[in-house]
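Quick look at entry-v5.cif (mmCIF, N, CA and C atoms):
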data_target
loop_
_atom_site.label_atom_id
_atom_site.label_comp_id
_atom_site.auth_asym_id
_atom_site.auth_seq_id
_atom_site.Cartn_x
_atom_site.Cartn_y
_atom_site.Cartn_z
N MET A 1 0.83 -1.19 0.00
CA MET A 1 0.00 0.00 0.00
C MET A 1 0.87 1.25 0.00
N ALA A 2 1.90 1.28 0.86
CA ALA A 2 2.77 2.45 0.92
C ALA A 2 3.50 2.64 -0.39
N ARG A 3 3.88 1.52 -1.02
CA ARG A 3 4.57 1.61 -2.31
C ARG A 3 3.66 2.24 -3.36
N SER A 4 2.39 1.89 -3.34
CA SER A 4 1.42 2.46 -4.28
C SER A 4 1.32 3.97 -4.09
N ALA A 5 1.30 4.41 -2.85
CA ALA A 5 1.21 5.84 -2.58
C ALA A 5 2.45 6.57 -3.06
N VAL A 6 3.62 5.96 -2.85
CA VAL A 6 4.87 6.57 -3.30
C VAL A 6 4.90 6.63 -4.83
N CYS A 7 4.51 5.53 -5.48
CA CYS A 7 4.49 5.51 -6.94
C CYS A 7 3.50 6.54 -7.48
N GLY A 8 2.33 6.63 -6.86
CA GLY A 8 1.34 7.61 -7.30
C GLY A 8 1.86 9.02 -7.15
N ALA A 9 2.53 9.30 -6.05
CA ALA A 9 3.10 10.63 -5.82
C ALA A 9 4.19 10.93 -6.83
N ALA A 10 5.00 9.94 -7.15
CA ALA A 10 6.06 10.14 -8.15
C ALA A 10 5.47 10.44 -9.52
N PHE A 11 4.40 9.75 -9.88
CA PHE A 11 3.75 10.01 -11.16
C PHE A 11 3.21 11.43 -11.23
N ILE A 12 2.63 11.87 -10.13
CA ILE A 12 2.07 13.23 -10.09
C ILE A 12 3.18 14.26 -10.27
N VAL A 13 4.31 14.05 -9.59
CA VAL A 13 5.43 14.99 -9.71
C VAL A 13 5.94 15.04 -11.15
N VAL A 14 6.11 13.88 -11.77
CA VAL A 14 6.58 13.84 -13.16
C VAL A 14 5.59 14.55 -14.07
N LEU A 15 4.31 14.25 -13.91
CA LEU A 15 3.29 14.88 -14.74
C LEU A 15 3.30 16.39 -14.58
N LEU A 16 3.36 16.85 -13.35
CA LEU A 16 3.37 18.29 -13.11
C LEU A 16 4.59 18.95 -13.72
N CYS A 17 5.76 18.35 -13.57
CA CYS A 17 6.99 18.94 -14.11
C CYS A 17 6.92 19.07 -15.62
N VAL A 18 6.47 18.02 -16.28
CA VAL A 18 6.44 18.04 -17.74
C VAL A 18 5.37 18.98 -18.26
N LEU A 19 4.18 18.87 -17.72
CA LEU A 19 3.09 19.67 -18.25
C LEU A 19 3.24 21.16 -17.92
N MET A 20 3.91 21.46 -16.84
CA MET A 20 4.09 22.87 -16.50
C MET A 20 5.08 23.56 -17.43
N THR A 21 5.89 22.77 -18.14
CA THR A 21 6.83 23.35 -19.08
C THR A 21 6.28 23.38 -20.50
N THR A 22 5.08 22.83 -20.69
CA THR A 22 4.46 22.85 -22.01
C THR A 22 3.99 24.26 -22.31
N PRO A 23 4.26 24.76 -23.52
CA PRO A 23 3.87 26.14 -23.84
C PRO A 23 2.36 26.34 -23.82
N TYR A 24 1.98 27.55 -23.46
CA TYR A 24 0.57 27.91 -23.46
C TYR A 24 0.10 28.14 -24.89
N VAL A 25 -1.20 27.99 -25.09
CA VAL A 25 -1.80 28.26 -26.38
C VAL A 25 -2.13 29.75 -26.45
N ILE A 26 -1.78 30.37 -27.55
CA ILE A 26 -1.95 31.81 -27.69
C ILE A 26 -3.42 32.20 -27.78
N ASN A 27 -4.20 31.50 -28.61
CA ASN A 27 -5.58 31.91 -28.85
C ASN A 27 -6.59 31.27 -27.90
N GLY A 28 -6.21 30.23 -27.19
CA GLY A 28 -7.13 29.55 -26.31
C GLY A 28 -7.16 30.20 -24.94
N THR A 29 -8.11 29.79 -24.15
CA THR A 29 -8.20 30.35 -22.81
C THR A 29 -7.76 29.36 -21.75
N ILE A 30 -7.62 28.10 -22.10
CA ILE A 30 -7.20 27.10 -21.12
C ILE A 30 -5.71 26.83 -21.30
N THR A 31 -5.04 26.52 -20.20
CA THR A 31 -3.60 26.25 -20.24
C THR A 31 -3.33 24.84 -19.73
N CYS A 32 -2.15 24.34 -20.04
CA CYS A 32 -1.76 23.02 -19.52
C CYS A 32 -1.69 23.04 -18.00
N ASP A 33 -1.28 24.15 -17.42
CA ASP A 33 -1.26 24.25 -15.96
C ASP A 33 -2.65 23.99 -15.38
N GLN A 34 -3.66 24.57 -16.00
CA GLN A 34 -5.03 24.37 -15.53
C GLN A 34 -5.45 22.92 -15.69
N VAL A 35 -5.10 22.33 -16.83
CA VAL A 35 -5.45 20.93 -17.08
C VAL A 35 -4.80 20.04 -16.02
N VAL A 36 -3.53 20.28 -15.73
CA VAL A 36 -2.81 19.50 -14.71
C VAL A 36 -3.49 19.65 -13.36
N THR A 37 -3.79 20.87 -12.98
CA THR A 37 -4.42 21.11 -11.69
C THR A 37 -5.76 20.38 -11.59
N LEU A 38 -6.54 20.43 -12.64
CA LEU A 38 -7.86 19.82 -12.63
C LEU A 38 -7.81 18.29 -12.63
N LEU A 39 -6.83 17.71 -13.34
CA LEU A 39 -6.85 16.27 -13.55
C LEU A 39 -5.88 15.46 -12.69
N THR A 40 -5.00 16.12 -11.97
CA THR A 40 -4.05 15.39 -11.11
C THR A 40 -4.76 14.42 -10.16
N PRO A 41 -5.90 14.78 -9.57
CA PRO A 41 -6.56 13.81 -8.67
C PRO A 41 -7.04 12.53 -9.38
N CYS A 42 -7.01 12.51 -10.70
CA CYS A 42 -7.48 11.34 -11.46
C CYS A 42 -6.37 10.32 -11.71
N ILE A 43 -5.13 10.68 -11.46
CA ILE A 43 -4.01 9.79 -11.79
C ILE A 43 -4.09 8.44 -11.08
N PRO A 44 -4.35 8.40 -9.78
CA PRO A 44 -4.42 7.07 -9.14
C PRO A 44 -5.47 6.16 -9.77
N PHE A 45 -6.62 6.72 -10.11
CA PHE A 45 -7.65 5.91 -10.78
C PHE A 45 -7.15 5.43 -12.15
N GLY A 46 -6.47 6.31 -12.88
CA GLY A 46 -5.98 5.95 -14.20
C GLY A 46 -4.95 4.84 -14.19
N VAL A 47 -4.23 4.71 -13.09
CA VAL A 47 -3.20 3.68 -12.98
C VAL A 47 -3.72 2.44 -12.24
N PHE A 48 -4.40 2.66 -11.13
CA PHE A 48 -4.76 1.54 -10.26
C PHE A 48 -6.22 1.12 -10.33
N GLY A 49 -7.09 1.97 -10.89
CA GLY A 49 -8.51 1.67 -10.91
C GLY A 49 -9.15 1.95 -9.56
N GLY A 50 -10.21 1.24 -9.27
CA GLY A 50 -10.91 1.44 -8.00
C GLY A 50 -11.99 2.49 -8.11
N THR A 51 -12.21 3.18 -7.03
CA THR A 51 -13.24 4.21 -6.96
C THR A 51 -12.68 5.53 -7.49
N VAL A 52 -13.47 6.23 -8.26
CA VAL A 52 -13.05 7.54 -8.77
C VAL A 52 -13.17 8.55 -7.63
N PRO A 53 -12.06 9.23 -7.30
CA PRO A 53 -12.11 10.22 -6.23
C PRO A 53 -13.04 11.39 -6.59
N PRO A 54 -13.78 11.92 -5.62
CA PRO A 54 -14.65 13.07 -5.89
C PRO A 54 -13.88 14.26 -6.46
N GLU A 55 -12.62 14.44 -6.03
CA GLU A 55 -11.80 15.55 -6.56
C GLU A 55 -11.51 15.36 -8.04
N CYS A 56 -11.42 14.11 -8.47
CA CYS A 56 -11.22 13.82 -9.89
C CYS A 56 -12.46 14.24 -10.68
N CYS A 57 -13.63 13.86 -10.18
CA CYS A 57 -14.87 14.24 -10.88
C CYS A 57 -15.05 15.75 -10.91
N ALA A 58 -14.68 16.41 -9.84
CA ALA A 58 -14.75 17.88 -9.83
C ALA A 58 -13.82 18.45 -10.89
N GLY A 59 -12.64 17.85 -11.04
CA GLY A 59 -11.69 18.29 -12.06
C GLY A 59 -12.20 18.04 -13.47
N ILE A 60 -12.80 16.88 -13.70
CA ILE A 60 -13.37 16.55 -15.02
C ILE A 60 -14.45 17.57 -15.37
N LYS A 61 -15.33 17.84 -14.44
CA LYS A 61 -16.41 18.81 -14.68
C LYS A 61 -15.84 20.20 -14.93
N GLY A 62 -14.85 20.58 -14.14
CA GLY A 62 -14.21 21.88 -14.33
C GLY A 62 -13.53 21.99 -15.68
N LEU A 63 -12.87 20.92 -16.09
CA LEU A 63 -12.21 20.94 -17.40
C LEU A 63 -13.24 21.06 -18.51
N ASN A 64 -14.31 20.31 -18.43
CA ASN A 64 -15.34 20.40 -19.48
C ASN A 64 -15.96 21.79 -19.54
N GLU A 65 -16.14 22.42 -18.40
CA GLU A 65 -16.68 23.77 -18.38
C GLU A 65 -15.69 24.79 -18.94
N ALA A 66 -14.39 24.51 -18.81
CA ALA A 66 -13.36 25.45 -19.27
C ALA A 66 -13.06 25.32 -20.76
N GLN A 67 -13.52 24.26 -21.40
CA GLN A 67 -13.26 24.04 -22.82
C GLN A 67 -14.33 24.74 -23.65
N ASN A 68 -14.18 26.03 -23.81
CA ASN A 68 -15.21 26.83 -24.49
C ASN A 68 -15.02 26.93 -25.99
N THR A 69 -13.82 26.68 -26.48
CA THR A 69 -13.54 26.82 -27.91
C THR A 69 -12.88 25.57 -28.44
N THR A 70 -12.82 25.47 -29.75
CA THR A 70 -12.11 24.36 -30.38
C THR A 70 -10.65 24.36 -29.94
N GLU A 71 -10.06 25.52 -29.86
CA GLU A 71 -8.65 25.61 -29.44
C GLU A 71 -8.48 25.13 -28.00
N ASP A 72 -9.42 25.43 -27.13
CA ASP A 72 -9.38 24.93 -25.75
C ASP A 72 -9.39 23.40 -25.74
N ARG A 73 -10.27 22.80 -26.54
CA ARG A 73 -10.36 21.34 -26.59
C ARG A 73 -9.08 20.74 -27.14
N ARG A 74 -8.50 21.37 -28.15
CA ARG A 74 -7.22 20.87 -28.70
C ARG A 74 -6.11 20.96 -27.65
N THR A 75 -6.07 22.06 -26.94
CA THR A 75 -5.05 22.24 -25.91
C THR A 75 -5.21 21.20 -24.81
N ALA A 76 -6.41 21.05 -24.30
CA ALA A 76 -6.66 20.08 -23.23
C ALA A 76 -6.32 18.68 -23.69
N CYS A 77 -6.74 18.32 -24.88
CA CYS A 77 -6.46 16.99 -25.44
C CYS A 77 -4.95 16.75 -25.50
N SER A 78 -4.21 17.71 -26.03
CA SER A 78 -2.76 17.56 -26.15
C SER A 78 -2.09 17.45 -24.79
N CYS A 79 -2.52 18.27 -23.85
CA CYS A 79 -1.94 18.22 -22.50
C CYS A 79 -2.19 16.87 -21.84
N ILE A 80 -3.41 16.38 -21.96
CA ILE A 80 -3.76 15.08 -21.38
C ILE A 80 -2.95 13.98 -22.05
N GLN A 81 -2.88 14.03 -23.36
CA GLN A 81 -2.16 13.01 -24.11
C GLN A 81 -0.67 12.98 -23.74
N GLU A 82 -0.05 14.15 -23.69
CA GLU A 82 1.37 14.23 -23.37
C GLU A 82 1.63 13.79 -21.93
N GLY A 83 0.78 14.21 -21.02
CA GLY A 83 0.96 13.84 -19.62
C GLY A 83 0.73 12.36 -19.38
N ALA A 84 -0.32 11.81 -19.97
CA ALA A 84 -0.64 10.40 -19.77
C ALA A 84 0.48 9.51 -20.30
N ALA A 85 1.12 9.92 -21.39
CA ALA A 85 2.21 9.13 -21.97
C ALA A 85 3.39 8.98 -21.01
N LEU A 86 3.49 9.87 -20.05
CA LEU A 86 4.60 9.83 -19.09
C LEU A 86 4.30 9.02 -17.84
N ILE A 87 3.09 8.53 -17.74
CA ILE A 87 2.69 7.81 -16.53
C ILE A 87 2.72 6.31 -16.80
N PRO A 88 3.72 5.61 -16.24
CA PRO A 88 3.78 4.16 -16.44
C PRO A 88 2.53 3.49 -15.88
N GLY A 89 1.97 2.58 -16.64
CA GLY A 89 0.81 1.83 -16.18
C GLY A 89 -0.52 2.52 -16.41
N ILE A 90 -0.53 3.65 -17.07
CA ILE A 90 -1.80 4.34 -17.31
C ILE A 90 -2.68 3.47 -18.21
N ASP A 91 -3.92 3.39 -17.88
CA ASP A 91 -4.88 2.59 -18.66
C ASP A 91 -5.78 3.58 -19.42
N TYR A 92 -5.52 3.71 -20.71
CA TYR A 92 -6.25 4.68 -21.52
C TYR A 92 -7.74 4.37 -21.58
N ASP A 93 -8.10 3.10 -21.66
CA ASP A 93 -9.52 2.77 -21.67
C ASP A 93 -10.18 3.22 -20.37
N ARG A 94 -9.46 3.04 -19.26
CA ARG A 94 -9.99 3.44 -17.96
C ARG A 94 -10.15 4.96 -17.88
N ILE A 95 -9.13 5.70 -18.29
CA ILE A 95 -9.24 7.16 -18.17
C ILE A 95 -10.30 7.73 -19.11
N ASN A 96 -10.55 7.03 -20.20
CA ASN A 96 -11.58 7.51 -21.12
C ASN A 96 -13.00 7.24 -20.63
N THR A 97 -13.13 6.54 -19.50
CA THR A 97 -14.46 6.34 -18.91
C THR A 97 -14.78 7.40 -17.86
N LEU A 98 -13.79 8.22 -17.52
CA LEU A 98 -13.98 9.18 -16.43
C LEU A 98 -15.12 10.17 -16.66
N GLY A 99 -15.22 10.70 -17.85
CA GLY A 99 -16.29 11.66 -18.13
C GLY A 99 -17.67 11.08 -17.85
N ASP A 100 -17.91 9.87 -18.34
CA ASP A 100 -19.20 9.23 -18.11
C ASP A 100 -19.38 8.87 -16.64
N ARG A 101 -18.33 8.36 -16.00
CA ARG A 101 -18.42 7.99 -14.59
C ARG A 101 -18.72 9.21 -13.72
N CYS A 102 -18.22 10.36 -14.14
CA CYS A 102 -18.39 11.59 -13.36
C CYS A 102 -19.61 12.40 -13.78
N GLY A 103 -20.34 11.90 -14.77
CA GLY A 103 -21.54 12.61 -15.21
C GLY A 103 -21.24 13.86 -16.02
N SER A 104 -20.06 13.89 -16.64
CA SER A 104 -19.65 15.04 -17.45
C SER A 104 -18.85 14.53 -18.64
N PRO A 105 -19.54 13.97 -19.65
CA PRO A 105 -18.85 13.33 -20.78
C PRO A 105 -17.86 14.26 -21.48
N CYS A 106 -16.73 13.70 -21.82
CA CYS A 106 -15.68 14.42 -22.54
C CYS A 106 -15.99 14.41 -24.03
N PRO A 107 -15.72 15.51 -24.73
CA PRO A 107 -16.03 15.57 -26.16
C PRO A 107 -15.06 14.77 -27.04
N TYR A 108 -14.06 14.11 -26.46
CA TYR A 108 -13.08 13.34 -27.23
C TYR A 108 -12.52 12.24 -26.35
N LYS A 109 -11.90 11.25 -26.99
CA LYS A 109 -11.20 10.18 -26.28
C LYS A 109 -9.71 10.41 -26.48
N VAL A 110 -8.92 10.15 -25.44
CA VAL A 110 -7.48 10.36 -25.53
C VAL A 110 -6.76 9.02 -25.51
N TYR A 111 -6.02 8.77 -26.56
CA TYR A 111 -5.15 7.62 -26.71
C TYR A 111 -3.84 8.13 -27.29
N PRO A 112 -2.77 7.34 -27.25
CA PRO A 112 -1.51 7.80 -27.86
C PRO A 112 -1.68 8.16 -29.33
N SER A 113 -2.61 7.52 -30.01
CA SER A 113 -2.81 7.77 -31.44
C SER A 113 -3.81 8.89 -31.75
N THR A 114 -4.41 9.47 -30.73
CA THR A 114 -5.41 10.52 -30.95
C THR A 114 -4.77 11.73 -31.61
N ASN A 115 -5.40 12.23 -32.66
CA ASN A 115 -4.94 13.47 -33.31
C ASN A 115 -5.72 14.61 -32.68
N CYS A 116 -5.09 15.29 -31.74
CA CYS A 116 -5.77 16.35 -30.98
C CYS A 116 -6.04 17.59 -31.81
N SER A 117 -5.45 17.69 -32.99
CA SER A 117 -5.69 18.88 -33.82
C SER A 117 -7.00 18.76 -34.60
N GLU A 118 -7.62 17.61 -34.58
CA GLU A 118 -8.90 17.45 -35.30
C GLU A 118 -10.09 17.76 -34.43
#
Show this structure as structure tokens.
Amino acid sequence: MARSAVCGAAFIVVLLCVLMTTPYVINGTITCDQVVTLLTPCIPFGVFGGTVPPECCAGIKGLNEAQNTTEDRRTACSCIQEGAALIPGIDYDRINTLGDRCGSPCPYKVYPSTNCSE
């Protein structure tokens, strides 16, 4: 159990470091920093499964509310895709169920092959 907590914390640190250095989008209103802040509580579920934390659902809902333009959706998609790729053991099928599980469906699915510019 303690090892899981340490691994989860390490994943969060790596995700935050990488995504915080990702450039902001000029025309969009959402930033990778915001995406990281909103979705960090979802990482343990994405790796280990189990119960979706309420903070994760709050982040999913907040992210969906913040995606007001096509550029916002592209930015969020790219940030999620880049961050998820850095998390060993991430289950893309699992993370793509979060919107429905939280009652706030995501307008796209994120996989390594997703073209976020579309």
Which is closer to Lys61 (chain A) than all the others in A:Cys79, A:Ile43, A:Cys102, A:Ala84, using only N, CA and C atoms? A:Cys102
Nearest-residue call for Gln34 (chain A), choices A:Leu86, A:Cys116, A:Ala66, A:Cys77, using only C-alpha atoms: A:Ala66
Picked residues, the PyMOL selection byres (((chain A and resi 98 and name CA) around 10) and name CA), as JSON, numbers by chain: {"A": [42, 45, 46, 52, 56, 57, 60, 93, 94, 95, 96, 97, 99, 100, 101, 102, 103, 104, 105, 106]}
So the first atom is CA of Leu38 (chain A) and the second is CA of Pro54 (chain A); what is the distance between them in Å, to one decimal place? 11.7 Å
Could you give me, as a PyMOL selection string, each residue of region 13-102 of chain A that DSSP assigns to alpha helix (DSSP H) when run on this structure's backbone? chain A and resi 13-20+32-39+43-48+54-66+70-85+92-95+98-101
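Across the structure, CA of Ile90 (chain A) and CA of Val47 (chain A) are spaced 4.6 Å apart.
Counting from atom C of Tyr92 (chain A), the distance to CA of Thr29 (chain A) is 26.0 Å.
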Around all listed atoms of region 30-48 of chain A, padded 3 Å per side, what centre and edge lengths does the axis-aligned box have in Å to one decimal, as lines of an AutoDock Vina configuration file?
center_x = -4.6
center_y = 14.6
center_z = -15.4
size_x = 12.6
size_y = 33.0
size_z = 19.4
Residue among A:Thr69, A:Ser78, A:Ala58, A:Pro44 lying closest to Cys32 (chain A), counting all atoms listed in the file: A:Ser78
Nearest to Thr70 (chain A), restricted to only C-alpha atoms and choosing among A:Tyr108, A:Pro88, A:Val36, A:Pro53, comes out as A:Tyr108
Taking only N, CA and C atoms into account, which of A:Asn68, A:Glu55, A:Val110, A:Gly62 comes nearest Ile80 (chain A)? A:Val110
